[in-house]
Structures are given as C-alpha cells and as structure tokens.
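One file, query.cif, carrying mmCIF, C-alpha atoms:
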```
data_input
#
loop_
_atom_site.group_PDB
_atom_site.id
_atom_site.type_symbol
_atom_site.label_atom_id
_atom_site.label_comp_id
_atom_site.auth_asym_id
_atom_site.auth_seq_id
_atom_site.Cartn_x
_atom_site.Cartn_y
_atom_site.Cartn_z
ATOM 1 C CA MET A 129 178.369 136.936 94.832
ATOM 2 C CA SER A 130 178.454 133.376 93.492
ATOM 3 C CA PHE A 131 175.445 131.060 93.266
ATOM 4 C CA LEU A 132 176.952 128.929 96.031
ATOM 5 C CA ALA A 133 177.165 131.927 98.364
ATOM 6 C CA PHE A 134 173.560 132.895 97.612
ATOM 7 C CA PHE A 135 172.393 129.318 98.123
ATOM 8 C CA LEU A 136 174.211 129.106 101.470
ATOM 9 C CA ILE A 137 172.734 132.423 102.623
ATOM 10 C CA VAL A 138 169.219 131.125 101.828
ATOM 11 C CA VAL A 139 169.820 127.765 103.553
ATOM 12 C CA SER A 140 171.194 129.551 106.615
ATOM 13 C CA LEU A 141 168.196 131.909 106.726
ATOM 14 C CA LEU A 142 165.586 129.179 106.273
ATOM 15 C CA SER A 143 167.071 126.857 108.868
ATOM 16 C CA PHE A 144 167.166 129.788 111.320
ATOM 17 C CA VAL A 145 163.509 130.735 110.711
ATOM 18 C CA VAL A 146 162.244 127.151 111.032
ATOM 19 C CA ALA A 147 164.354 126.685 114.180
ATOM 20 C CA GLN A 148 162.710 129.710 115.859
ATOM 21 C CA LEU A 149 159.207 128.378 115.125
ATOM 22 C CA ILE A 150 160.135 124.940 116.432
ATOM 23 C CA LEU A 151 161.688 126.412 119.615
ATOM 24 C CA LYS A 152 158.607 128.535 120.313
ATOM 25 C CA ARG A 153 156.455 125.424 119.942
ATOM 26 C CA ALA A 154 158.859 123.563 122.245
ATOM 27 C CA MET A 155 158.504 126.216 124.962
ATOM 28 C CA GLU A 156 154.711 126.062 124.650
ATOM 29 C CA VAL A 157 154.928 122.302 125.192
ATOM 30 C CA SER A 158 157.245 122.815 128.191
ATOM 31 C CA ALA A 159 154.828 125.299 129.783
ATOM 32 C CA LYS A 160 152.115 122.612 129.737
ATOM 33 C CA ALA A 161 154.007 119.339 130.042
ATOM 34 C CA GLY A 162 157.308 120.278 131.727
ATOM 35 C CA LEU A 163 160.930 120.083 130.646
ATOM 36 C CA ARG A 164 161.134 116.274 130.669
ATOM 37 C CA HIS A 165 158.362 115.648 128.185
ATOM 38 C CA SER A 166 159.675 113.664 125.200
ATOM 39 C CA ARG A 167 158.017 116.014 122.693
ATOM 40 C CA PHE A 168 159.758 119.006 124.291
ATOM 41 C CA ILE A 169 163.151 117.282 124.142
ATOM 42 C CA LEU A 170 162.592 116.270 120.515
ATOM 43 C CA LEU A 171 161.575 119.791 119.462
ATOM 44 C CA VAL A 172 164.435 121.518 121.305
ATOM 45 C CA THR A 173 166.941 119.067 119.816
ATOM 46 C CA LEU A 174 165.592 119.693 116.329
ATOM 47 C CA GLY A 175 165.657 123.472 116.903
ATOM 48 C CA VAL A 176 169.227 123.387 118.217
ATOM 49 C CA LEU A 177 170.340 121.217 115.256
ATOM 50 C CA LEU A 178 168.873 123.667 112.747
ATOM 51 C CA MET A 179 170.448 126.635 114.553
ATOM 52 C CA THR A 180 173.801 124.844 114.536
ATOM 53 C CA VAL A 181 173.565 124.305 110.761
ATOM 54 C CA SER A 182 172.712 127.984 110.334
ATOM 55 C CA PHE A 183 175.609 128.992 112.645
ATOM 56 C CA PHE A 184 178.345 127.085 110.802
ATOM 57 C CA ILE A 185 177.171 128.185 107.366
ATOM 58 C CA THR A 186 177.210 131.793 108.614
ATOM 59 C CA LEU A 187 180.726 131.315 109.996
ATOM 60 C CA GLY A 188 181.856 130.100 106.565
ATOM 61 C CA LEU A 189 180.225 133.122 104.901
ATOM 62 C CA LEU A 190 181.811 135.531 107.410
ATOM 63 C CA GLN A 191 185.238 134.454 106.189
ATOM 64 C CA ARG A 192 184.353 135.834 102.750
ATOM 65 C CA PHE A 193 182.064 138.804 103.329
ATOM 66 C CA ASP A 194 181.792 141.781 105.698
ATOM 67 C CA LEU A 195 179.515 141.271 108.678
ATOM 68 C CA SER A 196 177.666 144.445 107.733
ATOM 69 C CA TYR A 197 176.988 142.938 104.284
ATOM 70 C CA LEU A 198 175.732 139.561 105.533
ATOM 71 C CA TYR A 199 173.631 140.933 108.341
ATOM 72 C CA PRO A 200 170.678 142.226 106.283
ATOM 73 C CA PHE A 201 169.800 138.718 105.170
ATOM 74 C CA GLN A 202 169.134 138.006 108.816
ATOM 75 C CA GLY A 203 166.980 141.133 108.691
ATOM 76 C CA LEU A 204 164.647 139.360 106.288
ATOM 77 C CA SER A 205 164.155 136.774 109.013
ATOM 78 C CA VAL A 206 162.053 139.362 110.901
ATOM 79 C CA ILE A 207 159.422 139.292 108.148
ATOM 80 C CA PHE A 208 159.586 135.517 107.700
ATOM 81 C CA ILE A 209 159.348 134.756 111.414
ATOM 82 C CA THR A 210 156.526 137.223 112.073
ATOM 83 C CA VAL A 211 154.451 135.942 109.147
ATOM 84 C CA MET A 212 155.132 132.276 109.941
ATOM 85 C CA ALA A 213 154.393 132.740 113.663
ATOM 86 C CA ALA A 214 151.022 134.229 112.722
ATOM 87 C CA ALA A 215 150.287 131.524 110.127
ATOM 88 C CA VAL A 216 151.660 128.421 111.845
ATOM 89 C CA LEU A 217 151.501 129.264 115.568
ATOM 90 C CA LYS A 218 148.292 131.324 115.227
ATOM 91 C CA GLU A 219 149.745 134.341 117.012
ATOM 92 C CA ARG A 220 147.823 137.605 116.738
ATOM 93 C CA LEU A 221 149.132 140.262 114.335
ATOM 94 C CA SER A 222 148.175 143.920 114.717
ATOM 95 C CA LEU A 223 148.593 146.563 112.036
ATOM 96 C CA GLN A 224 151.135 148.323 114.242
ATOM 97 C CA LEU A 225 153.150 145.118 114.629
ATOM 98 C CA VAL A 226 153.188 144.555 110.863
ATOM 99 C CA ALA A 227 154.244 148.172 110.230
ATOM 100 C CA GLY A 228 157.009 147.902 112.845
ATOM 101 C CA THR A 229 158.234 144.620 111.382
ATOM 102 C CA LEU A 230 158.355 146.065 107.843
ATOM 103 C CA LEU A 231 160.243 149.157 109.044
ATOM 104 C CA ILE A 232 162.793 147.026 110.886
ATOM 105 C CA SER A 233 163.388 144.905 107.784
ATOM 106 C CA ALA A 234 163.535 147.933 105.468
ATOM 107 C CA GLY A 235 166.035 149.566 107.828
ATOM 108 C CA ILE A 236 168.215 146.463 107.896
ATOM 109 C CA VAL A 237 168.187 146.246 104.091
ATOM 110 C CA LEU A 238 169.158 149.948 103.858
ATOM 111 C CA VAL A 239 172.044 149.313 106.221
ATOM 112 C CA SER A 240 173.263 146.590 103.851
ATOM 113 C CA LEU A 241 172.865 148.634 100.673
ATOM 114 C CA SER A 242 174.918 151.498 102.044
ATOM 115 C CA MET B 145 150.941 136.458 127.620
ATOM 116 C CA ARG B 146 150.703 134.432 130.794
ATOM 117 C CA ASP B 147 151.736 135.612 134.294
ATOM 118 C CA ARG B 148 155.367 136.574 134.350
ATOM 119 C CA PRO B 149 157.941 136.316 137.109
ATOM 120 C CA SER B 150 159.655 139.536 138.190
ATOM 121 C CA GLY B 151 163.295 140.310 139.073
ATOM 122 C CA PHE B 152 165.950 138.294 137.238
ATOM 123 C CA GLY B 153 163.223 136.046 135.864
ATOM 124 C CA ASN B 154 161.527 138.973 134.151
ATOM 125 C CA PRO B 155 161.289 137.969 130.464
ATOM 126 C CA TRP B 156 162.033 141.535 129.285
ATOM 127 C CA LEU B 157 165.254 141.558 131.322
ATOM 128 C CA GLN B 158 166.116 138.150 129.864
ATOM 129 C CA LEU B 159 165.446 139.509 126.369
ATOM 130 C CA THR B 160 167.980 142.264 127.103
ATOM 131 C CA VAL B 161 170.510 139.705 128.359
ATOM 132 C CA SER B 162 169.970 137.613 125.235
ATOM 133 C CA VAL B 163 170.430 140.622 122.931
ATOM 134 C CA ALA B 164 173.601 141.754 124.755
ATOM 135 C CA CYS B 165 175.130 138.271 124.404
ATOM 136 C CA VAL B 166 174.287 138.129 120.683
ATOM 137 C CA PHE B 167 175.767 141.600 120.143
ATOM 138 C CA VAL B 168 179.121 140.747 121.731
ATOM 139 C CA SER B 169 179.218 137.312 120.081
ATOM 140 C CA GLU B 170 178.737 138.777 116.585
ATOM 141 C CA LEU B 171 181.724 141.090 117.040
ATOM 142 C CA LEU B 172 183.833 138.231 118.422
ATOM 143 C CA LEU B 173 182.803 135.992 115.501
ATOM 144 C CA LYS B 174 183.803 138.590 112.935
ATOM 145 C CA ARG B 175 187.169 139.123 114.667
ATOM 146 C CA GLY B 176 187.668 135.366 114.992
ATOM 147 C CA ALA B 177 186.610 134.574 111.410
ATOM 148 C CA THR B 178 188.909 137.256 110.009
ATOM 149 C CA GLU B 179 191.776 135.988 112.145
ATOM 150 C CA ILE B 180 191.701 132.479 110.659
ATOM 151 C CA ALA B 181 190.237 133.232 107.234
ATOM 152 C CA GLU B 182 191.338 130.754 104.529
ATOM 153 C CA PRO B 183 189.324 131.831 101.491
ATOM 154 C CA ASP B 184 191.116 129.331 99.242
ATOM 155 C CA SER B 185 190.155 126.271 101.237
ATOM 156 C CA ALA B 186 186.900 124.514 100.224
ATOM 157 C CA LEU B 187 186.405 123.252 103.790
ATOM 158 C CA SER B 188 186.227 126.819 105.045
ATOM 159 C CA TRP B 189 182.810 127.209 103.348
ATOM 160 C CA THR B 190 181.459 125.067 106.180
ATOM 161 C CA GLY B 191 182.928 127.432 108.761
ATOM 162 C CA ILE B 192 184.400 124.465 110.690
ATOM 163 C CA ASN B 193 187.930 125.885 110.481
ATOM 164 C CA GLY B 194 186.615 128.840 112.516
ATOM 165 C CA LEU B 195 186.870 126.620 115.584
ATOM 166 C CA ALA B 196 190.647 127.197 115.498
ATOM 167 C CA SER B 197 190.085 130.708 116.857
ATOM 168 C CA PRO B 198 189.662 131.176 120.630
ATOM 169 C CA LEU B 199 187.478 134.209 119.932
ATOM 170 C CA VAL B 200 185.040 131.926 118.106
ATOM 171 C CA TRP B 201 184.841 129.714 121.202
ATOM 172 C CA TRP B 202 184.072 132.723 123.429
ATOM 173 C CA ALA B 203 181.402 133.679 120.925
ATOM 174 C CA ILE B 204 179.960 130.145 121.084
ATOM 175 C CA LEU B 205 179.721 130.400 124.909
ATOM 176 C CA LEU B 206 177.864 133.704 124.593
ATOM 177 C CA ILE B 207 175.567 132.237 121.941
ATOM 178 C CA ILE B 208 174.683 129.364 124.283
ATOM 179 C CA ALA B 209 173.943 131.885 127.077
ATOM 180 C CA SER B 210 171.807 133.992 124.760
ATOM 181 C CA PHE B 211 170.038 130.851 123.579
ATOM 182 C CA ILE B 212 169.059 129.820 127.105
ATOM 183 C CA SER B 213 167.673 133.248 127.971
ATOM 184 C CA TRP B 214 165.953 133.349 124.566
ATOM 185 C CA LEU B 215 164.177 130.038 125.263
ATOM 186 C CA TYR B 216 163.048 131.533 128.568
ATOM 187 C CA VAL B 217 161.707 134.615 126.769
ATOM 188 C CA LEU B 218 159.818 132.404 124.298
ATOM 189 C CA ARG B 219 158.037 130.736 127.170
ATOM 190 C CA TYR B 220 156.347 134.010 128.106
ATOM 191 C CA VAL B 221 156.309 136.295 125.068
ATOM 192 C CA PRO B 222 154.724 135.675 121.617
ATOM 193 C CA LEU B 223 157.271 135.177 118.838
ATOM 194 C CA THR B 224 155.648 137.970 116.782
ATOM 195 C CA ILE B 225 156.690 140.441 119.514
ATOM 196 C CA ALA B 226 159.857 138.893 120.958
ATOM 197 C CA TYR B 227 161.608 138.310 117.639
ATOM 198 C CA PRO B 228 161.202 141.794 116.112
ATOM 199 C CA LEU B 229 162.299 143.297 119.460
ATOM 200 C CA SER B 230 165.358 141.051 119.520
ATOM 201 C CA ARG B 231 166.405 142.749 116.255
ATOM 202 C CA VAL B 232 167.520 145.787 118.254
ATOM 203 C CA VAL B 233 170.759 143.901 117.759
ATOM 204 C CA ASP B 234 170.655 145.042 114.108
ATOM 205 C CA VAL B 235 171.188 148.575 115.354
ATOM 206 C CA LEU B 236 173.762 147.568 117.949
ATOM 207 C CA VAL B 237 175.892 145.442 115.597
ATOM 208 C CA PRO B 238 176.591 148.155 112.971
ATOM 209 C CA LEU B 239 177.267 150.618 115.807
ATOM 210 C CA GLY B 240 179.629 148.069 117.348
ATOM 211 C CA CYS B 241 181.328 147.502 113.971
ATOM 212 C CA TRP B 242 181.817 151.256 113.763
ATOM 213 C CA ILE B 243 183.120 151.727 117.304
ATOM 214 C CA PHE B 244 185.109 148.525 117.861
ATOM 215 C CA LEU B 245 186.010 147.159 114.411
ATOM 216 C CA GLY B 246 186.593 150.499 112.696
ATOM 217 C CA GLU B 247 184.077 149.771 109.900
ATOM 218 C CA PHE B 248 182.636 152.808 108.118
ATOM 219 C CA ILE B 249 178.967 153.888 108.483
ATOM 220 C CA SER B 250 177.627 155.937 105.549
ATOM 221 C CA THR B 251 174.686 158.368 105.660
ATOM 222 C CA LEU B 252 172.425 155.752 104.032
ATOM 223 C CA ARG B 253 173.448 153.258 106.670
ATOM 224 C CA TRP B 254 172.607 155.734 109.442
ATOM 225 C CA CYS B 255 169.171 156.159 107.764
ATOM 226 C CA GLY B 256 168.696 152.381 107.826
ATOM 227 C CA ILE B 257 169.604 152.294 111.508
ATOM 228 C CA ALA B 258 167.045 155.067 112.150
ATOM 229 C CA LEU B 259 164.321 153.067 110.324
ATOM 230 C CA VAL B 260 165.041 150.027 112.490
ATOM 231 C CA VAL B 261 164.732 152.180 115.624
ATOM 232 C CA VAL B 262 161.328 153.534 114.494
ATOM 233 C CA GLY B 263 160.175 149.992 113.671
ATOM 234 C CA LEU B 264 161.304 148.773 117.095
ATOM 235 C CA ALA B 265 159.391 151.600 118.768
ATOM 236 C CA LEU B 266 156.230 150.592 116.866
ATOM 237 C CA VAL B 267 156.587 146.959 117.963
ATOM 238 C CA ALA B 268 157.456 147.876 121.547
ATOM 239 C CA LYS B 269 154.673 150.427 122.091
ATOM 240 C CA PRO B 270 151.750 147.975 122.469
ATOM 241 C CA VAL B 271 153.938 145.924 124.824
ATOM 242 C CA ALA B 272 154.578 148.962 127.011
ATOM 243 C CA GLN B 273 150.840 149.658 127.113
ATOM 244 C CA ILE B 274 150.067 146.077 128.164
ATOM 245 C CA GLU B 275 152.718 146.280 130.890
ATOM 246 C CA GLU B 276 151.280 149.564 132.188
ATOM 247 C CA ARG B 277 147.834 148.047 132.620
ATOM 248 C CA LEU B 278 149.218 145.151 134.667
#
```
Give the structure from the file, written as structure tokens.
Amino acid sequence: MSFLAFFLIVVSLLSFVVAQLILKRAMEVSAKAGLRHSRFILLVTLGVLLMTVSFFITLGLLQRFDLSYLYPFQGLSVIFITVMAAAVLKERLSLQLVAGTLLISAGIVLVSLS
Amino acid sequence: MRDRPSGFGNPWLQLTVSVACVFVSELLLKRGATEIAEPDSALSWTGINGLASPLVWWAILLIIASFISWLYVLRYVPLTIAYPLSRVVDVLVPLGCWIFLGEFISTLRWCGIALVVVGLALVAKPVAQIEERL
C-alpha cells in the first residue's frame, strides 16, 4: 500500500469520525431548538460535507482495493467514535460498553487480516 | 435516553433500516466501483469517476435514506451505543461479499466475524435491560 493510499484512508476515517460527532451535536440542538435553528442547519451541513469527503475518497480507494480489505479501517472508527463521544459529548461509558467496543474493533481487524 | 416514539418512529427500528440500507449500498458500491475501475487515471483517486456507474447512484440513494434514519436514531440514542450497534453491518458486509460477490471467507475471517457478534451482544445487553424496565 502506498503512502498516498494510507494517507487517504486516514483522511477518510477522520472526516467520518468528526462528522458523526458533529451530527450527534446537531440532533441534540434540534431536539431543543427545532429543525430550523441556524446552528442545527450549520452543524448538519458541516457533517454532511465531511461525510461526502469521506464517501468520495472511499469510492476512489474501492477502485484499487477489495472491500473486505478496506472495511477494517472503518472498524477503527468504532473505537474513535466511542472515545470521542465520551470525551467531547460527555456521554456515559460503562465497562461493558468499552469491552463490547474493543471486541467489535478486534473482530473487524481480524476480518481484514484474514 | 429521552421518551421514544413507538411503531415506525421507534429508533431501534430506524437503526435497523439504516443498517440495512448501508449493507445493500456497500455491495452496490463495490459492484459499481469494479465496473468502472480505471486504476491508471489520477482522477479516479477522488472516486468522482464512480458516478458513471448507475449502481453507484442507487447506492447513493440508499446512503441518503440510511443517513436520514441515522439522524433520527441520533436524536434518541447516545452515540456510544448507537454507533457500535450500527457496526452489525461489519458482520453483514463480509457475509454479503461471500454470498453475493463470491468473495472467500477464511477461518480467521469467520473468527473475526464471531468476535464482532460477541462485542455487539455486550453493547446491546444493557440496552435490552433498559428497554425491559420501561
């Protein structure tokens, strides 16, 4: 795998993770302020933009690698999103949730190695 | 978790809808991307040339559908629970690749799939308990 491919995989992953956090925040805003609130619209737009970036980069990567090879990198997003949601959005983490998250990620990585 | 609507508005049903749409879209994307693959073209690193495939457009429609139901899920369910659960798709996609795309699944890969299932059960269990109490 070339440096460019690795770089693109990381960019795609990061933009996806940040998009999820932004969208969750957006839906929290919408629950309080409604769907027409300017902050909600701004956050959703930003989230959609980041997901679009992630989507097209992934589409480019899919032309070069097997889906089953690329997928595990999305598996890492489980760990990133869970940790960031706890840190940034102050969501509660239980031991069981952490264990489940780690198992899911480990499983996804195994799928890719095989 | 705040009060949740039931029926079609049930966030757990919407999570299932979202996952199903992602699952089908991934298979369509792989088919579509393979169909129009131009590994020699620099532009194809951006994936833009993928838009030439009708399958990619169907996948985009499904992604939009999954996105809308996902936003709905996020309104009611914490990200720390909803996102790991949404990764059930990581079991479904390899199975789909095996069944529909004819890709090979090795023993190690089956083990990985099993780990994901155990992890999902761990994440889902507290949710089931909360639901029971309601």
task: Pick out the residues sitting within 8 Å of segment 160-176 of chain B, and hand them over as number ranges by chain; count all atoms listed in the file, and ignore anything fewer than 4 positions along from it in its own chain.
output: A: 187, 190, 195; B: 156, 180, 194, 197-200, 202-204, 206-207, 209-211, 213-214, 230, 232-233, 236-237, 240-241, 245
Near chain A, 9 Å: chain B residue rows, closest pairs, only C-alpha atoms, as a Markdown table:
```
| residue | atom | partner | partner_atom | distance |
| --- | --- | --- | --- | --- |
| B:Glu170 | CA | A:Leu195 | CA | 8.3 |
| B:Leu171 | CA | A:Leu195 | CA | 8.7 |
| B:Leu173 | CA | A:Leu187 | CA | 7.5 |
| B:Lys174 | CA | A:Leu195 | CA | 6.6 |
| B:Ala177 | CA | A:Gln191 | CA | 5.4 |
| B:Thr178 | CA | A:Gln191 | CA | 6.0 |
| B:Glu179 | CA | A:Gln191 | CA | 9.0 |
| B:Ile180 | CA | A:Gln191 | CA | 8.1 |
| B:Ala181 | CA | A:Gln191 | CA | 5.3 |
| B:Glu182 | CA | A:Gln191 | CA | 7.3 |
| B:Pro183 | CA | A:Arg192 | CA | 6.5 |
| B:Leu187 | CA | A:Gly188 | CA | 8.7 |
| B:Ser188 | CA | A:Gly188 | CA | 5.7 |
| B:Trp189 | CA | A:Gly188 | CA | 4.4 |
| B:Thr190 | CA | A:Gly188 | CA | 5.1 |
| B:Gly191 | CA | A:Gly188 | CA | 3.6 |
| B:Ile192 | CA | A:Phe184 | CA | 6.6 |
| B:Asn193 | CA | A:Gly188 | CA | 8.4 |
| B:Gly194 | CA | A:Leu187 | CA | 6.9 |
| B:Leu215 | CA | A:Met155 | CA | 6.8 |
| B:Tyr216 | CA | A:Met155 | CA | 7.9 |
| B:Leu218 | CA | A:Lys152 | CA | 5.7 |
| B:Arg219 | CA | A:Met155 | CA | 5.1 |
| B:Tyr220 | CA | A:Met155 | CA | 8.7 |
| B:Pro222 | CA | A:Glu219 | CA | 6.9 |
| B:Leu223 | CA | A:Ala213 | CA | 6.4 |
| B:Thr224 | CA | A:Thr210 | CA | 4.8 |
| B:Ile225 | CA | A:Leu225 | CA | 7.6 |
| B:Tyr227 | CA | A:Val206 | CA | 6.8 |
| B:Pro228 | CA | A:Val206 | CA | 5.8 |
| B:Arg231 | CA | A:Val206 | CA | 7.7 |
| B:Val232 | CA | A:Ile232 | CA | 8.8 |
| B:Asp234 | CA | A:Ile236 | CA | 6.8 |
| B:Val235 | CA | A:Ile236 | CA | 8.3 |
| B:Val237 | CA | A:Ser196 | CA | 8.1 |
| B:Pro238 | CA | A:Ser196 | CA | 6.5 |
| B:Cys241 | CA | A:Ser196 | CA | 7.9 |
| B:Glu247 | CA | A:Ser196 | CA | 8.6 |
| B:Ile249 | CA | A:Ser242 | CA | 8.0 |
| B:Ser250 | CA | A:Ser242 | CA | 6.3 |
| B:Thr251 | CA | A:Ser242 | CA | 7.8 |
| B:Leu252 | CA | A:Ser242 | CA | 5.3 |
| B:Arg253 | CA | A:Val239 | CA | 4.2 |
| B:Trp254 | CA | A:Val239 | CA | 7.2 |
| B:Cys255 | CA | A:Gly235 | CA | 7.3 |
| B:Gly256 | CA | A:Gly235 | CA | 3.9 |
| B:Ile257 | CA | A:Gly235 | CA | 5.8 |
| B:Ala258 | CA | A:Gly235 | CA | 7.1 |
| B:Leu259 | CA | A:Gly235 | CA | 4.6 |
| B:Val260 | CA | A:Ile232 | CA | 4.1 |
| B:Val261 | CA | A:Ile232 | CA | 7.3 |
| B:Val262 | CA | A:Leu231 | CA | 7.1 |
| B:Gly263 | CA | A:Gly228 | CA | 3.9 |
| B:Leu264 | CA | A:Gly228 | CA | 6.1 |
| B:Ala265 | CA | A:Gly228 | CA | 7.4 |
| B:Leu266 | CA | A:Gly228 | CA | 4.9 |
| B:Val267 | CA | A:Leu225 | CA | 5.1 |
| B:Ala268 | CA | A:Leu225 | CA | 8.6 |
| B:Lys269 | CA | A:Gln224 | CA | 8.9 |
| B:Pro270 | CA | A:Gln224 | CA | 8.3 |
```
query: Which value, in Å to one decimal, gives the distance between atom CA of Phe144 of chain A and atom CA of Ala161 of chain A?
result: 25.2 Å
field: Atomic separation - atom CA of Val221 of chain B relative to atom CA of Leu171 of chain A, Å
entry: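 Value for the atom CA of Leu171 of chain A-atom CA of Val221 of chain B distance: 18.2 Å.
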- request: Take atom CA of Leu178 of chain A and atom CA of Phe208 of chain A and report the distance between them in Å, one decimal.
  value: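 Pair atom CA of Leu178 of chain A / atom CA of Phe208 of chain A returns 15.9 Å.
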Hey, can I get the axis-aligned box for segment 197-213 of chain B? All listed atoms, 5 Å padding on each side, centre and edge lengths in Å to one decimal, as JSON.
```
{"center_x": 178.9, "center_y": 131.8, "center_z": 122.4, "size_x": 32.4, "size_y": 14.8, "size_z": 21.1}
```
